[in-house]
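Trainee: Below is the file upload-v5.cif, which contains mmCIF, C-alpha atoms, pLDDT in the B column; chains and numbers go by the auth columns.
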```
data_upload
#
loop_
_atom_site.group_PDB
_atom_site.id
_atom_site.type_symbol
_atom_site.label_atom_id
_atom_site.label_comp_id
_atom_site.label_asym_id
_atom_site.label_seq_id
_atom_site.Cartn_x
_atom_site.Cartn_y
_atom_site.Cartn_z
_atom_site.B_iso_or_equiv
_atom_site.auth_seq_id
_atom_site.auth_asym_id
ATOM 1 C CA MET A 1 130.688 159.096 69.451 47.00 1 A
ATOM 2 C CA ASP A 2 131.866 155.919 67.797 46.00 2 A
ATOM 3 C CA HIS A 3 133.582 152.959 69.463 46.00 3 A
ATOM 4 C CA HIS A 4 135.005 150.049 67.511 45.00 4 A
ATOM 5 C CA ASP A 5 136.218 147.096 69.609 44.00 5 A
ATOM 6 C CA LYS A 6 138.532 144.288 68.480 53.00 6 A
ATOM 7 C CA THR A 7 135.629 142.406 66.852 52.00 7 A
ATOM 8 C CA GLY A 8 134.687 145.414 64.700 46.00 8 A
ATOM 9 C CA ARG A 9 131.467 146.168 66.602 63.00 9 A
ATOM 10 C CA SER A 10 130.507 149.799 66.900 80.00 10 A
ATOM 11 C CA VAL A 11 128.334 151.862 69.212 83.00 11 A
ATOM 12 C CA ARG A 12 127.045 155.254 68.150 86.00 12 A
ATOM 13 C CA ILE A 13 125.221 157.578 70.547 86.00 13 A
ATOM 14 C CA THR A 14 123.844 160.798 69.130 87.00 14 A
ATOM 15 C CA ALA A 15 122.303 163.168 71.654 83.00 15 A
ATOM 16 C CA HIS A 16 120.556 166.415 70.775 81.00 16 A
ATOM 17 C CA GLY A 17 118.929 167.788 73.933 78.00 17 A
ATOM 18 C CA PRO A 18 116.285 165.289 75.055 77.00 18 A
ATOM 19 C CA ASN A 19 116.457 163.404 71.739 79.00 19 A
ATOM 20 C CA THR A 20 118.952 160.563 71.752 82.00 20 A
ATOM 21 C CA ALA A 21 119.641 157.778 69.272 85.00 21 A
ATOM 22 C CA VAL A 22 121.652 154.654 70.120 84.00 22 A
ATOM 23 C CA GLU A 23 122.948 152.302 67.438 85.00 23 A
ATOM 24 C CA ILE A 24 124.903 149.062 67.756 81.00 24 A
ATOM 25 C CA ASP A 25 126.587 148.041 64.511 81.00 25 A
ATOM 26 C CA GLY A 26 124.258 150.404 62.653 84.00 26 A
ATOM 27 C CA ASP A 27 121.092 148.898 64.156 82.00 27 A
ATOM 28 C CA LYS A 28 119.070 151.576 65.920 85.00 28 A
ATOM 29 C CA LEU A 29 117.805 150.586 69.368 80.00 29 A
ATOM 30 C CA ASP A 30 114.388 151.585 70.654 77.00 30 A
ATOM 31 C CA PHE A 31 115.395 154.418 72.976 73.00 31 A
ATOM 32 C CA ASP A 32 112.286 153.858 75.135 75.00 32 A
ATOM 33 C CA ALA A 33 113.870 150.527 76.123 75.00 33 A
ATOM 34 C CA ILE A 34 116.936 152.336 77.501 78.00 34 A
ATOM 35 C CA GLY A 35 116.581 153.872 80.942 77.00 35 A
ATOM 36 C CA ALA A 36 120.031 155.440 80.937 80.00 36 A
ATOM 37 C CA TYR A 37 123.464 155.097 79.434 82.00 37 A
ATOM 38 C CA SER A 38 126.959 155.958 80.551 84.00 38 A
ATOM 39 C CA VAL A 39 130.254 156.173 78.731 84.00 39 A
ATOM 40 C CA SER A 40 133.666 156.025 80.386 84.00 40 A
ATOM 41 C CA GLN A 41 137.161 155.767 79.025 82.00 41 A
ATOM 42 C CA LEU A 42 140.605 155.507 80.544 84.00 42 A
ATOM 43 C CA PRO A 43 143.568 156.929 78.638 86.00 43 A
ATOM 44 C CA GLY A 44 144.896 154.410 76.146 82.00 44 A
ATOM 45 C CA GLU A 45 141.885 152.100 76.490 79.00 45 A
ATOM 46 C CA ALA A 46 138.701 151.591 74.508 77.00 46 A
ATOM 47 C CA ALA A 47 135.537 153.335 75.643 79.00 47 A
ATOM 48 C CA HIS A 48 133.199 151.403 77.928 79.00 48 A
ATOM 49 C CA VAL A 49 129.489 151.906 77.187 81.00 49 A
ATOM 50 C CA VAL A 50 126.840 150.751 79.658 80.00 50 A
ATOM 51 C CA LEU A 51 123.183 150.673 78.616 78.00 51 A
ATOM 52 C CA HIS A 52 120.670 150.447 81.460 76.00 52 A
ATOM 53 C CA LEU A 53 117.426 148.842 80.312 73.00 53 A
ATOM 54 C CA ALA A 54 114.243 150.709 81.217 71.00 54 A
ATOM 55 C CA ASN A 55 111.880 147.736 81.291 64.00 55 A
ATOM 56 C CA ARG A 56 113.595 144.400 81.739 59.00 56 A
ATOM 57 C CA GLU A 57 110.408 142.358 81.233 63.00 57 A
ATOM 58 C CA ASP A 58 109.635 143.572 77.698 61.00 58 A
ATOM 59 C CA THR A 59 113.145 144.256 76.417 57.00 59 A
ATOM 60 C CA ARG A 60 114.879 141.785 74.131 61.00 60 A
ATOM 61 C CA PHE A 61 118.490 141.946 73.006 61.00 61 A
ATOM 62 C CA ASP A 62 119.853 139.818 70.235 60.00 62 A
ATOM 63 C CA GLY A 63 123.528 139.936 69.472 58.00 63 A
ATOM 64 C CA TYR A 64 127.024 139.898 70.878 58.00 64 A
ATOM 65 C CA ALA A 65 127.902 141.976 73.921 59.00 65 A
ATOM 66 C CA ARG A 66 130.478 142.058 76.657 60.00 66 A
ATOM 67 C CA VAL A 67 128.412 142.168 79.825 59.00 67 A
ATOM 68 C CA SER A 68 129.444 143.946 82.996 58.00 68 A
ATOM 69 C CA VAL A 69 127.466 143.485 86.180 58.00 69 A
ATOM 70 C CA ALA A 70 128.001 146.163 88.776 60.00 70 A
ATOM 71 C CA ASP A 71 126.908 146.250 92.379 65.00 71 A
ATOM 72 C CA VAL A 72 125.537 149.476 93.766 68.00 72 A
ATOM 73 C CA PRO A 73 128.282 150.813 96.044 77.00 73 A
ATOM 74 C CA ASP A 74 127.600 151.000 99.770 85.00 74 A
ATOM 75 C CA PRO A 75 127.206 154.725 100.555 87.00 75 A
ATOM 76 C CA GLY A 76 128.023 154.205 104.243 90.00 76 A
ATOM 77 C CA PRO A 77 131.821 154.580 104.125 91.00 77 A
ATOM 78 C CA ALA A 78 131.686 157.700 101.919 91.00 78 A
ATOM 79 C CA ALA A 79 128.966 159.215 104.131 92.00 79 A
ATOM 80 C CA ALA A 80 131.042 158.501 107.237 94.00 80 A
ATOM 81 C CA VAL A 81 134.059 160.296 105.746 94.00 81 A
ATOM 82 C CA PHE A 82 131.897 163.243 104.672 94.00 82 A
ATOM 83 C CA LEU A 83 130.182 163.564 108.066 95.00 83 A
ATOM 84 C CA GLY A 84 133.496 163.132 109.900 95.00 84 A
ATOM 85 C CA ALA A 85 134.829 166.217 108.109 95.00 85 A
ATOM 86 C CA ILE A 86 131.900 168.440 109.167 96.00 86 A
ATOM 87 C CA ASP A 87 132.633 171.129 111.727 96.00 87 A
ATOM 88 C CA ALA A 88 129.666 171.046 114.155 96.00 88 A
ATOM 89 C CA GLU A 89 129.898 174.761 114.948 97.00 89 A
ATOM 90 C CA GLU A 90 129.991 175.695 111.251 97.00 90 A
ATOM 91 C CA LEU A 91 126.990 173.440 110.560 96.00 91 A
ATOM 92 C CA GLU A 92 125.004 174.994 113.404 96.00 92 A
ATOM 93 C CA HIS A 93 125.774 178.543 112.231 96.00 93 A
ATOM 94 C CA ALA A 94 124.908 177.693 108.615 96.00 94 A
ATOM 95 C CA ALA A 95 121.636 175.994 109.588 95.00 95 A
ATOM 96 C CA LEU A 96 120.562 178.843 111.882 96.00 96 A
ATOM 97 C CA ALA A 97 121.312 181.383 109.135 96.00 97 A
ATOM 98 C CA ARG A 98 119.189 179.597 106.505 95.00 98 A
ATOM 99 C CA PRO A 99 116.291 181.665 105.173 94.00 99 A
ATOM 100 C CA ASP A 100 114.120 178.518 105.073 93.00 100 A
ATOM 101 C CA LEU A 101 114.656 177.728 108.784 94.00 101 A
ATOM 102 C CA GLY A 102 111.227 177.136 110.259 90.00 102 A
ATOM 103 C CA THR A 103 109.960 177.500 113.803 92.00 103 A
ATOM 104 C CA GLY A 104 108.194 174.162 114.123 92.00 104 A
ATOM 105 C CA LYS A 105 109.200 170.923 115.771 93.00 105 A
ATOM 106 C CA HIS A 106 112.419 169.496 114.274 94.00 106 A
ATOM 107 C CA SER A 107 112.941 172.558 112.043 95.00 107 A
ATOM 108 C CA LEU A 108 116.584 172.949 113.133 95.00 108 A
ATOM 109 C CA THR A 109 117.245 169.286 112.395 95.00 109 A
ATOM 110 C CA GLN A 110 115.587 169.675 108.982 95.00 110 A
ATOM 111 C CA ALA A 111 117.694 172.786 108.285 95.00 111 A
ATOM 112 C CA MET A 112 120.858 170.894 109.246 96.00 112 A
ATOM 113 C CA LEU A 113 119.955 167.936 107.006 95.00 113 A
ATOM 114 C CA THR A 114 119.187 170.307 104.131 95.00 114 A
ATOM 115 C CA GLN A 115 122.491 172.103 104.694 95.00 115 A
ATOM 116 C CA LEU A 116 124.432 168.810 104.771 95.00 116 A
ATOM 117 C CA GLY A 117 122.737 167.723 101.550 93.00 117 A
ATOM 118 C CA GLU A 118 123.713 170.965 99.856 94.00 118 A
ATOM 119 C CA TRP A 119 127.308 170.671 101.039 94.00 119 A
ATOM 120 C CA ALA A 120 127.398 167.055 99.795 92.00 120 A
ATOM 121 C CA ARG A 121 126.245 168.231 96.338 89.00 121 A
ATOM 122 C CA GLY A 122 128.755 171.089 96.381 88.00 122 A
ATOM 123 C CA VAL A 123 126.093 173.798 96.603 85.00 123 A
#
```
Please go through the file and, once you have read it, give me the structure as structure tokens.

Mentor:
Amino acid sequence: MDHHDKTGRSVRITAHGPNTAVEIDGDKLDFDAIGAYSVSQLPGEAAHVVLHLANREDTRFDGYARVSVADVPDPGPAAAVFLGAIDAEELEHAALARPDLGTGKHSLTQAMLTQLGEWARGV
């Protein structure tokens, strides 16, 4: 993937399985310094690349960049909507039918939490 912004800068990410190379204006970055990356693009707009540094103490960056600082979203409102849509009877039936339902203390609660987690992930 290549992205050229208005200043002529480019970002190239080449991923082959677990092997990934990241270049900015042709300069290869040390991939061990990158904890993660994400790419997003809206129709008609330039791609937005976010590099998450793996070790902020030892990592140095020299050059021009447009910096975006994002707050971690509060999961509470989304969790409230998700839990509000759960049918209690359906949850109870699903939890009681689980093959991993134990017989110990709190095993039904654990089965329900596991079931909710699976539903949240779309499993």

Trainee: Could you list the residues chosen by the PyMOL selection byres ((chain A and resi 115) around 12) in this structure as a VMD selection string?

Mentor: chain A and resid 83 86 88 90 to 101 108 to 114 116 to 123

Trainee: To box segment 23-31 of chain A, take all atoms listed in the file, fit an axis-aligned box, add 3 Å on each side, and give centre and edge lengths in Å to one decimal, as AutoDock Vina command-line options.

Mentor:
```
--center_x 120.5 --center_y 151.2 --center_z 67.8 --size_x 18.2 --size_y 12.4 --size_z 16.3
```

Trainee: Can you tell me which residues surround segment 25-39 of chain A at a distance of at most 6 Å, considering all atoms listed in the file, apart from same-chain residues fewer than 6 positions away, and format the answer as a list of chain:residue names?

Mentor: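 The contact residues come out as A:Arg9, A:Ser10, A:His48, A:Val49, A:Val50, A:Leu51, A:His52, A:Leu53, A:Ala54.
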
Trainee: Restricting it to C-alpha atoms, dump the selection as a CSV table (one decimal), in the frame of the given file.

Mentor:
```
chain,number,residue,atom,x,y,z
A,9,ARG,CA,131.5,146.2,66.6
A,10,SER,CA,130.5,149.8,66.9
A,48,HIS,CA,133.2,151.4,77.9
A,49,VAL,CA,129.5,151.9,77.2
A,50,VAL,CA,126.8,150.8,79.7
A,51,LEU,CA,123.2,150.7,78.6
A,52,HIS,CA,120.7,150.4,81.5
A,53,LEU,CA,117.4,148.8,80.3
A,54,ALA,CA,114.2,150.7,81.2
```

Trainee: So how far away is atom CA of Ala15 of chain A from atom CA of Gln41 of chain A, in Å?

Mentor: 18.2 Å

Trainee: Between atom CA of Val11 of chain A and atom CA of Glu23 of chain A, measure the distance and give it in Å to one decimal.

Mentor: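 Atom-to-atom, atom CA of Val11 of chain A to atom CA of Glu23 of chain A, that is 5.7 Å.
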
Trainee: Provide the atom CA of Gly102 of chain A to atom CA of Asp87 of chain A distance in Å, to one decimal place.

Mentor: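 So the two atoms, atom CA of Gly102 of chain A and atom CA of Asp87 of chain A, lie 22.3 Å apart.
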